[in-house]
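Visitor: Following this message is one structure expressed as structure tokens.
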Amino acid sequence: MDLGRRAVLAALPAVGLMGGSRAVAAPAARRRVGAVGPRPPASLLGREIRRLPTSRRVVALTFNAAWDESGLAAVLAELRRRKAPATFFPTGEYAEARPAAVRAMAEAGHGLGNHSYSHPYFDGLSTRERAREVREADEAIRTASRVEPLPFFRFPYSSTTQDAVADVNDLGYAAIEFTNDTNGYLGPAGGMTVDRVVRRAVDSLGPGAILQMHVGSSTGDGVVLDAQALPRIIDAALEEDCAIVDLREFLTAP
């Protein structure tokens with residue numbers, strides 16, 4: 001979740017998805033217009049992905065970017081220090097407003113997903129409006145980063161529906177949601193602390209976990225608890241024999 005849910009998850013095996021997802025008919029994987037990179041396998045289509053399809057104890061670190069970049073330097077520095085991969089999901093508006101930040105994510109070697117252009121609730125959009133949000137974000141992200149964005153889409157507010165997932169799949173994207181959000185975005189004003197962020201992350205660890213975090217401050221106070229908690233989250237994952245996995249391992253060759 002970005003601004004909160006509507007009130008305040010060698011390549012890995014392409015096996016059937018684990019329980020807890022909402023199933024829709026899975027379309028065949030298709031390349032986006034102009035895309036030249038890898039594609040999601042059919043096993044990642046047809047539903048929202050909240051836990052990766054593996055029995056291995058791995059966790060994917062993901063960061064949304066829709067506000068500022070207050071915590072980005074700290075996040076990138078820690079990932080570099082630990083040699084840990086992550087996937088960043090900027091919005092198109094963020095990419096246009098902060099191209100240097102998006103370029104820094106790419107130049108550090110991390111994958112870039114798509115988080116829509118203007119961060120609307122997708123359940124209230126038409127198929128055409130959804131396509132415009134995804135395509136405009138793709139253009140903005142590739143322009144800012146100078147790399148090919150990944151065919152991974154994350155819904156704003158995690159407001160998924162069967163129709164919306166199908167529309168995103170038709171555009172060639174897998175709907176990558178999350179097992180748990182750390183809620184670090186709420187900040188101290190929202191009752192969160194670094195300890196609570198770490199606890200939420202640790203409680204989510206297990207086979208195929210996907211953690212959602214943020215690189216910016218939702219309140220504009222410059223406090224990014226996810227960035228502060230990241231070293232402890234990585235330590236906790238490794239202590240529990242939970243390896244950090246790169247989402248790109250789930251893609252197929254073009």
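A note on labels: chains of the structure tokens are A, B, ... as shown, every chain counts residues from 1, and ligands are counted from 1 in their shown order.
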Which polymer residues have any atom within 6 Å of an atom of stretch 224-234 of chain A, counting only C-alpha atoms, with same-chain residues fewer than 2 positions away left out, as a list in words?
Guide: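 The filter keeps Gly71, Val75, Gly184, Val194, Val198, Ser217, Ala236 and Ala237 of chain A.
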Visitor: Could you pull out all residues of stretch 72-151 of chain A with a DSSP call of helix (DSSP H, G or I) and give them as an MDAnalysis selection string?
Guide: chainID A and resid 72:82 92:97 99:107 122:124 127:145
Visitor: From the options A:Val168, A:Ala73, A:Met213, A:Leu205, which residue's atoms come nearest to A:Leu186, counting only C-alpha atoms?
Guide: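 Among A:Val168, A:Ala73, A:Met213, A:Leu205, it is A:Met213 that comes nearest to A:Leu186.
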Visitor: Ranking A:Ala131, A:Leu150, A:Ala144, A:Val102 by minimum distance to A:Ala164 and counting only C-alpha atoms, which one comes first?
Guide: A:Ala131
Visitor: Please identify every residue of stretch 89-153 of chain A that has at least one atom no farther than 12 Å from an atom of stretch 50-63 of chain A, counting only C-alpha atoms, and for each give the shortest atom pair and the distance in Å to one decimal, arranged by chain then increasing number, as a tab-separated table.
Guide:
```
residue	atom	partner	partner_atom	distance
A:Phe89	CA	A:Phe63	CA	6.1
A:Pro90	CA	A:Phe63	CA	8.3
A:Thr91	CA	A:Phe63	CA	11.4
A:Val102	CA	A:Phe63	CA	11.8
A:Met105	CA	A:Phe63	CA	10.4
A:His110	CA	A:Thr62	CA	10.0
A:Gly111	CA	A:Thr62	CA	9.5
A:Leu112	CA	A:Phe63	CA	9.7
A:Gly113	CA	A:Thr62	CA	9.4
A:Asn114	CA	A:Phe63	CA	11.3
A:His115	CA	A:Phe63	CA	10.5
A:Phe152	CA	A:Thr62	CA	11.4
A:Phe153	CA	A:Thr62	CA	11.9
```
Visitor: Selected residues, all heavy atoms, written as a CSV table (one decimal), in the first residue's frame, please.
Guide:
```csv
chain,number,residue,atom,x,y,z
A,89,PHE,N,9.3,0.5,-7.4
A,89,PHE,CA,8.0,0.7,-8.2
A,89,PHE,C,7.7,2.2,-8.1
A,89,PHE,O,6.9,2.7,-7.3
A,89,PHE,CB,6.9,-0.1,-7.6
A,89,PHE,CG,6.9,-1.5,-7.9
A,89,PHE,CD1,7.7,-2.4,-7.0
A,89,PHE,CD2,6.2,-2.1,-8.9
A,89,PHE,CE1,7.7,-3.8,-7.3
A,89,PHE,CE2,6.3,-3.5,-9.2
A,89,PHE,CZ,7.0,-4.3,-8.4
A,90,PRO,N,8.3,3.0,-9.0
A,90,PRO,CA,7.9,4.4,-9.1
A,90,PRO,C,6.7,4.7,-9.9
A,90,PRO,O,6.3,3.9,-10.8
A,90,PRO,CB,9.1,5.1,-9.8
A,90,PRO,CG,9.6,4.0,-10.7
A,90,PRO,CD,9.4,2.7,-10.0
A,91,THR,N,6.0,5.8,-9.6
A,91,THR,CA,4.9,6.2,-10.4
A,91,THR,C,5.5,7.0,-11.6
A,91,THR,O,6.6,7.5,-11.5
A,91,THR,CB,3.9,7.1,-9.7
A,91,THR,OG1,4.5,8.3,-9.3
A,91,THR,CG2,3.3,6.4,-8.5
A,102,VAL,N,15.1,8.1,-10.0
A,102,VAL,CA,14.8,6.9,-10.8
A,102,VAL,C,16.0,6.4,-11.5
A,102,VAL,O,16.2,5.1,-11.5
A,102,VAL,CB,13.6,7.1,-11.7
A,102,VAL,CG1,13.3,5.9,-12.6
A,102,VAL,CG2,12.3,7.5,-11.0
A,105,MET,N,18.2,4.5,-9.0
A,105,MET,CA,17.8,3.1,-8.8
A,105,MET,C,18.3,2.2,-9.8
A,105,MET,O,18.8,1.1,-9.5
A,105,MET,CB,16.2,3.1,-8.7
A,105,MET,CG,15.6,4.0,-7.7
A,105,MET,SD,13.8,4.1,-8.0
A,105,MET,CE,13.3,5.4,-6.8
A,110,HIS,N,19.2,-2.2,-9.8
A,110,HIS,CA,18.0,-2.7,-9.3
A,110,HIS,C,16.9,-2.7,-10.4
A,110,HIS,O,17.0,-1.8,-11.3
A,110,HIS,CB,17.5,-2.0,-8.1
A,110,HIS,CG,18.5,-2.0,-6.9
A,110,HIS,ND1,18.8,-3.2,-6.3
A,110,HIS,CD2,19.2,-1.0,-6.4
A,110,HIS,CE1,19.7,-2.9,-5.4
A,110,HIS,NE2,20.0,-1.6,-5.4
A,111,GLY,N,15.9,-3.5,-10.3
A,111,GLY,CA,14.8,-3.5,-11.3
A,111,GLY,C,13.8,-2.4,-11.0
A,111,GLY,O,13.6,-2.0,-9.9
A,112,LEU,N,13.2,-2.0,-12.1
A,112,LEU,CA,12.1,-0.9,-12.0
A,112,LEU,C,10.8,-1.5,-12.4
A,112,LEU,O,10.6,-1.9,-13.6
A,112,LEU,CB,12.5,0.3,-12.8
A,112,LEU,CG,13.8,1.0,-12.4
A,112,LEU,CD1,14.0,2.1,-13.4
A,112,LEU,CD2,13.7,1.6,-11.0
A,113,GLY,N,9.8,-1.5,-11.5
A,113,GLY,CA,8.5,-1.9,-11.9
A,113,GLY,C,7.6,-0.7,-12.2
A,113,GLY,O,8.2,0.4,-12.3
A,114,ASN,N,6.4,-0.9,-12.4
A,114,ASN,CA,5.4,0.2,-12.8
A,114,ASN,C,4.4,0.3,-11.7
A,114,ASN,O,3.7,-0.7,-11.3
A,114,ASN,CB,4.8,-0.2,-14.2
A,114,ASN,CG,3.9,0.8,-14.8
A,114,ASN,OD1,3.1,1.4,-14.1
A,114,ASN,ND2,4.0,1.0,-16.1
A,115,HIS,N,4.2,1.5,-11.2
A,115,HIS,CA,3.2,1.8,-10.2
A,115,HIS,C,2.1,2.7,-10.6
A,115,HIS,O,1.5,3.4,-9.8
A,115,HIS,CB,3.9,2.3,-9.0
A,115,HIS,CG,3.2,2.3,-7.7
A,115,HIS,ND1,2.3,1.2,-7.3
A,115,HIS,CD2,3.2,3.1,-6.6
A,115,HIS,CE1,1.8,1.4,-6.1
A,115,HIS,NE2,2.3,2.6,-5.7
A,152,PHE,N,6.4,-5.8,-14.4
A,152,PHE,CA,5.8,-6.0,-13.1
A,152,PHE,C,5.0,-4.7,-12.8
A,152,PHE,O,5.5,-3.6,-12.9
A,152,PHE,CB,6.8,-6.2,-12.0
A,152,PHE,CG,7.6,-7.5,-12.1
A,152,PHE,CD1,8.9,-7.5,-11.8
A,152,PHE,CD2,7.0,-8.6,-12.6
A,152,PHE,CE1,9.6,-8.7,-11.8
A,152,PHE,CE2,7.7,-9.8,-12.6
A,152,PHE,CZ,9.0,-9.9,-12.3
A,153,PHE,N,3.7,-4.9,-12.4
A,153,PHE,CA,2.9,-3.8,-12.1
A,153,PHE,C,2.4,-3.9,-10.7
A,153,PHE,O,2.0,-5.0,-10.2
A,153,PHE,CB,1.7,-3.7,-13.0
A,153,PHE,CG,0.7,-2.5,-12.7
A,153,PHE,CD1,1.1,-1.2,-13.2
A,153,PHE,CD2,-0.4,-2.7,-12.0
A,153,PHE,CE1,0.2,-0.1,-12.9
A,153,PHE,CE2,-1.2,-1.6,-11.7
A,153,PHE,CZ,-0.9,-0.3,-12.1
```
Visitor: Under the rule that only C-alpha atoms are counted, which of A:Ala42, A:Leu247, A:Ile49, A:Leu76 is the nearest residue to A:Thr179?
Guide: A:Ile49
Visitor: Need to verify the contact set: A:Val215, 6 Å, only C-alpha atoms, exclusion of same-chain residues closer than 4 positions in sequence. Can you return it as a count of residues only?
Guide: 4
